[in-house]
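Report on the following structure.
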Amino acid sequence: MFRLVASKAPLANIAARNAAVKTVRAPMASQFYRLYSTPADTEYDVVVIGGGPGGYPAAIKAAQQGLKVACIEKRGALGGTCLNVGCIPSKSLLNNSHIYHQTKHGLKSRGIEVADVKLNLPQMHKARVKAITGLTKGVEFLFKKYGVDYVKGTGSFKTANEIAVAGLDGSESSIKGKNIIIATGSEVTPIPGIEIDEKKIVSSTGALELAQVPKKMVVIGAGVIGLELGSVWARLGAEVTVVEYLDAIGAGMDPELAKNFHGILKKQGLKFKMATKVNGAKVEGDIVKVDVEASKGGNAETLEADAVLVSIGRRPYTTGLGLENVGVELDNRGRVVIDSEFKTNIPNIRCIGDATFGPMLAHKAEDEGFAVSEMIGTGHGHVNYDAIPSVIYTHPEVAWVGKNETELKADGIKYKTGSFPFVANSRARTNDDSDGLVKVIADAETDRILGVHIIGPNAGEMIAEGVLAVEYGASAEDVGRTCHAHPTLSEAFREACLITSFGQAINF
């Protein structure tokens with residue numbers, strides 16, 4: 001991984017530049033906001049292909065620097081997979097299914113009597129769609145505010161500086177740009193021989209839109225997507241079985257947390273078949289039959305389900321982009337090859353997000369969107385790939401940033417750890433929500449924090465403090481000596497740092 005150098009421009013100069021940009025651009029914003037193709041003789045400073053979590057921030061950031069920008073998006077709605085059929089709708093279902101499950105099963109002990117709790121799945125889906133619509137319209141507003149031309153259609157390379165656009169309205173046109181940013185994202189990785197019909201055998205997209213709760217559901221893949229969506233339908237009443245090829249869940253997760261997390265999910269009712277491979281799945285009437293056997297070979301068996309979710313990962317999406325027309329290089333996994341400035345082998349064509357190297361995360365793509373536009377506008381940009389957090393939004397949540405023990409051992413780095421359980425945290429105990437722990441890993445000699453791993457309530461929010469610690473090179477002692485409000489869940493992070501640095505916490 002590489003670390004891109006931050007801009008050295010004084011804050012005063014940056015502020016002055018931003019003020020100038022706002023003064024010039026704001027009155028003209030309405031002129032530049034278009035929902036149709038632009039004449040071929042119009043040349044942009046930047047053309048972004050893809051309006052997802054990497055593309056639209058890149059377009060806005062470029063426009064904020066006074067550059068003339070167009071963004072081509074074929075979906076007809078901005079925000080990409082994340083906003084339309086990924087991160088955002090899944091969080092709506094995760095939140096509302098958790099409220100439903102807690103209302104049905106977890107309120108009596110809190111002194112709240114509720115009778116006749118019913119699931120209204122159509123209304124839950126309406127809440128999901130409402131969230132999506134509001135946010136996509138919000139991105140359109142931001143394009144209008146900053147003067148980004150929004151072109152609805154499919155873009156493909158004619159030359160290194162000209163993009164052909166097949167408009168959603170049936171029109172054909174082209175757009176010229178000095179700099180082109182590929183931000184086309186990723187798509188679901190299929191399993192050979194298994195046909196996804198989005199009705200009985202579904203991808204994450206279909207799993208968000210099931211019209212009824214399946215009695216039995218098989219989830220293929222125990223990664224982030226599989227565990228999140230499996231949790232949703234389990235809370236709503238499905239019997240969920242997760243089939244995983246490896247012998248541990250949560251790819252990339254610290255082994256200690258993975259083991260802890262696995263136990264919690266089993267306690268919640270999810271069933272697991274670990275170290276198991278899927279040989280095939282087919283629909284027979286109203287039932288899906290899934291053929292599985294041990295990963296290393298063994299007795300085969302057939303699982304039956306009302307719905308099967310295929311969630312073994314995602315792959316770069318560059319289909320129809322016309323990369324062959326300009327000779328943009330791909331690696332053997334279909335990723336666009338880039339250098340430390342996001343440049344492809346064609347210097348004016350750059351690539352960010354899921355279509356190139358690195359973790360397929362919306363916030364990683366967003367940071368790259370900021371950086372690539374700053375590089376085009378100023379020559380400087382910054383992404384620290386050691387400080388990109390990962391989150392699984394189940395309950396409890398799991399979040400981590402930096403290195404885990406397995407990685408540090410492989411690198412031969414001496415380290416020390418400190419773990420603090422939420423059962424010893426006053427806020428978690430008060431909320432009667434104390435599963436999990438905070439684990440901090442620091443350099444054995446310098447005490448510098450190398451990794452933070454959290455499983456527990458609001459872990460996705462708490463990890464931000466860990467990201468800052470890694471970004472700014474904080475020591476465990478630095479965080480341990482920093483005052484944290486009481487009572488809060490974040491105190492568990494402080495206590496874990498005290499254990500890491502001094503060997504002891506106050507409350508454990």
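In the structure tokens, each chain is lettered A, B, ... as it comes, each chain's residues begin at 1, and ligands are numbered from 1 in order of appearance.
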Within 10 Å of stretch 311-335 of chain A, which residues of stretch 208-290 of chain A show up? Give each one with its shortest atom-to-atom distance in Å (one decimal) and the two atoms involved, counting only C-alpha atoms, rows by chain then rising residue number, as a tab-separated table.
```
residue	atom	partner	partner_atom	distance
A:Val219	CA	A:Ser311	CA	7.1
A:Ile220	CA	A:Ser311	CA	5.7
A:Gly221	CA	A:Ile312	CA	4.8
A:Ala222	CA	A:Ile312	CA	7.8
A:Gly223	CA	A:Ile312	CA	7.2
A:Val224	CA	A:Ser311	CA	8.7
A:Ile225	CA	A:Ser311	CA	6.3
A:Gly226	CA	A:Ser311	CA	5.5
A:Leu227	CA	A:Ser311	CA	9.2
A:Leu229	CA	A:Ser311	CA	9.5
A:Glu244	CA	A:Ile312	CA	8.8
A:Tyr245	CA	A:Ile312	CA	9.4
```
Give me, as a ChimeraX atom specification, all polymer residues having an atom no more than 10 Å from A:Asp197, counting only C-alpha atoms and skipping those fewer than 6 positions away in the same chain.
/A:203,206,283
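Minimum atom-to-atom distance to A:Ile182, evaluated using only C-alpha atoms, belongs to A:Asn348 out of A:Thr417, A:Asn404, A:Asn95, A:Asn348.
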Mind checking which residues fall within 10 Å of A:Ile441, counting only C-alpha atoms, ignoring those fewer than 6 positions away in the same chain, and posting them as a ChimeraX atom specification?
/A:402-405,408,415-419,447-453,476,496-497,500-501
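Note that the spacing between atom CA of A:Lys91 and atom CA of A:Ile201 amounts to 21.5 Å.
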Can you tell me which residues surround A:Arg494 at a distance of at most 12 Å, considering only C-alpha atoms, apart from same-chain residues fewer than 4 positions away, and format the answer as a ChimeraX atom specification?
/A:418-422,425,437-440,452,462,465-466,469,475-486,488-490,498-502,504-508
Dump of N, CA, C and O atoms for the selected residues, as a compact mmCIF listing (two decimals), in the first residue's frame:
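result_12.txt, freshly written:
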```
# COMPACT_ATOMS: atom_id res chain seq x y z
N GLY A 418 -3.90 -4.98 24.80
CA GLY A 418 -4.72 -4.76 25.99
C GLY A 418 -6.18 -4.87 25.60
O GLY A 418 -6.60 -4.27 24.59
N SER A 419 -6.96 -5.65 26.33
CA SER A 419 -8.38 -5.83 26.03
C SER A 419 -9.23 -5.47 27.24
O SER A 419 -8.88 -5.82 28.37
N PHE A 420 -10.32 -4.78 26.98
CA PHE A 420 -11.23 -4.38 28.05
C PHE A 420 -12.65 -4.80 27.66
O PHE A 420 -13.15 -4.41 26.60
N PRO A 421 -13.33 -5.60 28.49
CA PRO A 421 -14.67 -6.09 28.14
C PRO A 421 -15.76 -5.06 28.45
O PRO A 421 -15.67 -4.32 29.43
N PHE A 422 -16.78 -5.03 27.62
CA PHE A 422 -17.89 -4.10 27.87
C PHE A 422 -18.68 -4.46 29.13
O PHE A 422 -19.38 -3.60 29.68
N ASN A 425 -17.91 -2.04 31.63
CA ASN A 425 -18.17 -0.64 31.28
C ASN A 425 -19.54 -0.24 31.82
O ASN A 425 -20.55 -0.90 31.56
N LEU A 437 -15.90 -6.51 23.47
CA LEU A 437 -14.70 -5.96 24.10
C LEU A 437 -14.02 -4.97 23.15
O LEU A 437 -14.34 -4.90 21.97
N VAL A 438 -13.07 -4.23 23.72
CA VAL A 438 -12.18 -3.37 22.93
C VAL A 438 -10.77 -3.92 23.08
O VAL A 438 -10.31 -4.17 24.20
N LYS A 439 -10.10 -4.12 21.95
CA LYS A 439 -8.73 -4.63 21.96
C LYS A 439 -7.82 -3.64 21.25
O LYS A 439 -8.11 -3.20 20.13
N VAL A 440 -6.74 -3.27 21.92
CA VAL A 440 -5.77 -2.33 21.36
C VAL A 440 -4.43 -3.04 21.19
O VAL A 440 -3.99 -3.77 22.09
N VAL A 452 -6.73 -1.20 16.33
CA VAL A 452 -7.83 -1.14 17.30
C VAL A 452 -8.93 -2.05 16.79
O VAL A 452 -9.33 -1.95 15.62
N MET A 462 -17.53 4.15 17.60
CA MET A 462 -16.36 4.21 18.47
C MET A 462 -15.05 4.09 17.70
O MET A 462 -14.02 4.64 18.13
N GLU A 465 -12.40 7.08 16.90
CA GLU A 465 -11.32 7.49 17.79
C GLU A 465 -10.06 6.66 17.52
O GLU A 465 -8.94 7.18 17.54
N GLY A 466 -10.26 5.39 17.23
CA GLY A 466 -9.13 4.53 16.88
C GLY A 466 -8.48 4.96 15.57
O GLY A 466 -7.26 4.92 15.42
N ALA A 469 -6.36 7.91 16.22
CA ALA A 469 -5.14 7.51 16.92
C ALA A 469 -4.11 6.94 15.95
O ALA A 469 -2.92 7.27 16.02
N SER A 475 0.15 7.17 20.90
CA SER A 475 0.53 6.02 21.71
C SER A 475 -0.68 5.59 22.53
O SER A 475 -1.63 6.36 22.73
N ALA A 476 -0.63 4.36 23.05
CA ALA A 476 -1.69 3.90 23.93
C ALA A 476 -1.76 4.79 25.18
O ALA A 476 -2.84 5.07 25.70
N GLU A 477 -0.61 5.24 25.63
CA GLU A 477 -0.58 6.13 26.80
C GLU A 477 -1.28 7.45 26.50
O GLU A 477 -1.98 8.00 27.36
N ASP A 478 -1.10 7.98 25.28
CA ASP A 478 -1.78 9.23 24.90
C ASP A 478 -3.28 9.12 25.11
O ASP A 478 -3.91 10.00 25.70
N VAL A 479 -3.88 8.04 24.60
CA VAL A 479 -5.33 7.85 24.72
C VAL A 479 -5.70 7.55 26.17
O VAL A 479 -6.70 8.04 26.69
N GLY A 480 -4.86 6.74 26.84
CA GLY A 480 -5.13 6.40 28.23
C GLY A 480 -5.12 7.61 29.15
O GLY A 480 -5.82 7.62 30.18
N ARG A 481 -4.36 8.63 28.79
CA ARG A 481 -4.29 9.85 29.62
C ARG A 481 -5.27 10.93 29.17
O ARG A 481 -5.27 12.04 29.72
N THR A 482 -6.07 10.62 28.15
CA THR A 482 -7.05 11.59 27.64
C THR A 482 -8.39 11.39 28.34
O THR A 482 -8.91 10.28 28.40
N CYS A 483 -8.98 12.48 28.85
CA CYS A 483 -10.24 12.40 29.58
C CYS A 483 -11.39 12.00 28.65
O CYS A 483 -11.55 12.57 27.56
N HIS A 484 -12.15 11.00 29.05
CA HIS A 484 -13.33 10.54 28.32
C HIS A 484 -14.55 10.75 29.21
O HIS A 484 -14.51 10.49 30.42
N ALA A 485 -15.65 11.23 28.64
CA ALA A 485 -16.86 11.51 29.42
C ALA A 485 -17.38 10.23 30.08
O ALA A 485 -17.27 9.13 29.53
N HIS A 486 -17.95 10.41 31.26
CA HIS A 486 -18.50 9.28 32.02
C HIS A 486 -19.98 9.52 32.30
O HIS A 486 -20.35 10.63 32.69
N THR A 488 -19.75 6.62 29.40
CA THR A 488 -19.86 6.42 27.96
C THR A 488 -19.21 5.10 27.57
O THR A 488 -18.33 4.59 28.28
N LEU A 489 -19.62 4.58 26.44
CA LEU A 489 -19.00 3.38 25.91
C LEU A 489 -17.54 3.62 25.54
O LEU A 489 -16.70 2.71 25.62
N SER A 490 -17.21 4.86 25.16
CA SER A 490 -15.85 5.17 24.73
C SER A 490 -14.83 5.00 25.84
O SER A 490 -13.63 4.87 25.58
N LEU A 498 -5.08 1.85 28.60
CA LEU A 498 -4.38 1.80 29.89
C LEU A 498 -3.76 0.42 30.11
O LEU A 498 -2.61 0.31 30.57
N ILE A 499 -4.53 -0.62 29.79
CA ILE A 499 -4.00 -1.98 29.94
C ILE A 499 -2.83 -2.19 29.00
O ILE A 499 -1.80 -2.77 29.38
N THR A 500 -2.96 -1.72 27.75
CA THR A 500 -1.89 -1.89 26.77
C THR A 500 -0.61 -1.20 27.21
O THR A 500 0.49 -1.76 27.10
N SER A 501 -0.74 0.02 27.73
CA SER A 501 0.44 0.82 28.06
C SER A 501 1.00 0.53 29.44
O SER A 501 2.21 0.44 29.62
N PHE A 502 0.11 0.36 30.43
CA PHE A 502 0.55 0.23 31.82
C PHE A 502 0.33 -1.16 32.41
O PHE A 502 0.80 -1.44 33.52
N GLN A 504 -2.51 -2.37 33.42
CA GLN A 504 -3.69 -2.40 34.26
C GLN A 504 -4.66 -1.30 33.89
O GLN A 504 -4.26 -0.22 33.47
N ALA A 505 -5.95 -1.59 34.05
CA ALA A 505 -6.99 -0.57 33.90
C ALA A 505 -7.48 -0.17 35.29
O ALA A 505 -7.05 -0.75 36.29
N ILE A 506 -8.38 0.77 35.36
CA ILE A 506 -8.94 1.18 36.64
C ILE A 506 -10.15 0.32 37.01
O ILE A 506 -10.31 -0.09 38.14
N ASN A 507 -10.96 0.00 36.02
CA ASN A 507 -12.24 -0.67 36.28
C ASN A 507 -12.27 -2.14 35.88
O ASN A 507 -13.33 -2.70 35.65
N PHE A 508 -11.10 -2.74 35.77
CA PHE A 508 -11.06 -4.16 35.40
C PHE A 508 -9.80 -4.80 35.96
O PHE A 508 -8.72 -4.22 35.88
```
Mind listing the strand (DSSP E) residues of stretch 348-488 of chain A, per DSSP on the backbone, as a VMD selection string?
chain A and resid 349 to 351 390 to 392 397 to 402 415 to 421 437 to 443 449 to 456
Shell of 9 Å around A:Ile349, only C-alpha atoms, local chain residues under 6 positions omitted, as a compact mmCIF listing (two decimals) with C-alpha atoms, in the first residue's frame:
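selection-v4.txt written:
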```txt
# COMPACT_ATOMS: atom_id res chain seq x y z
CA ALA A 160 -8.29 9.02 -23.97
CA ASN A 161 -10.02 12.42 -23.86
CA LYS A 178 -8.69 16.83 -19.96
CA ASN A 179 -8.78 14.42 -17.03
CA ILE A 180 -10.97 11.31 -16.79
CA ILE A 181 -11.67 9.57 -13.48
CA ILE A 182 -12.94 5.98 -13.58
CA VAL A 328 -5.97 0.94 -20.08
CA PHE A 342 -4.24 7.04 -9.20
CA LYS A 343 -2.95 7.34 -12.77
```
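Using only C-alpha atoms, the shortest contact distance between A:Glu198 and any of A:Ala365, A:Ala307, A:Ala164, A:Leu67 is found at A:Ala307.
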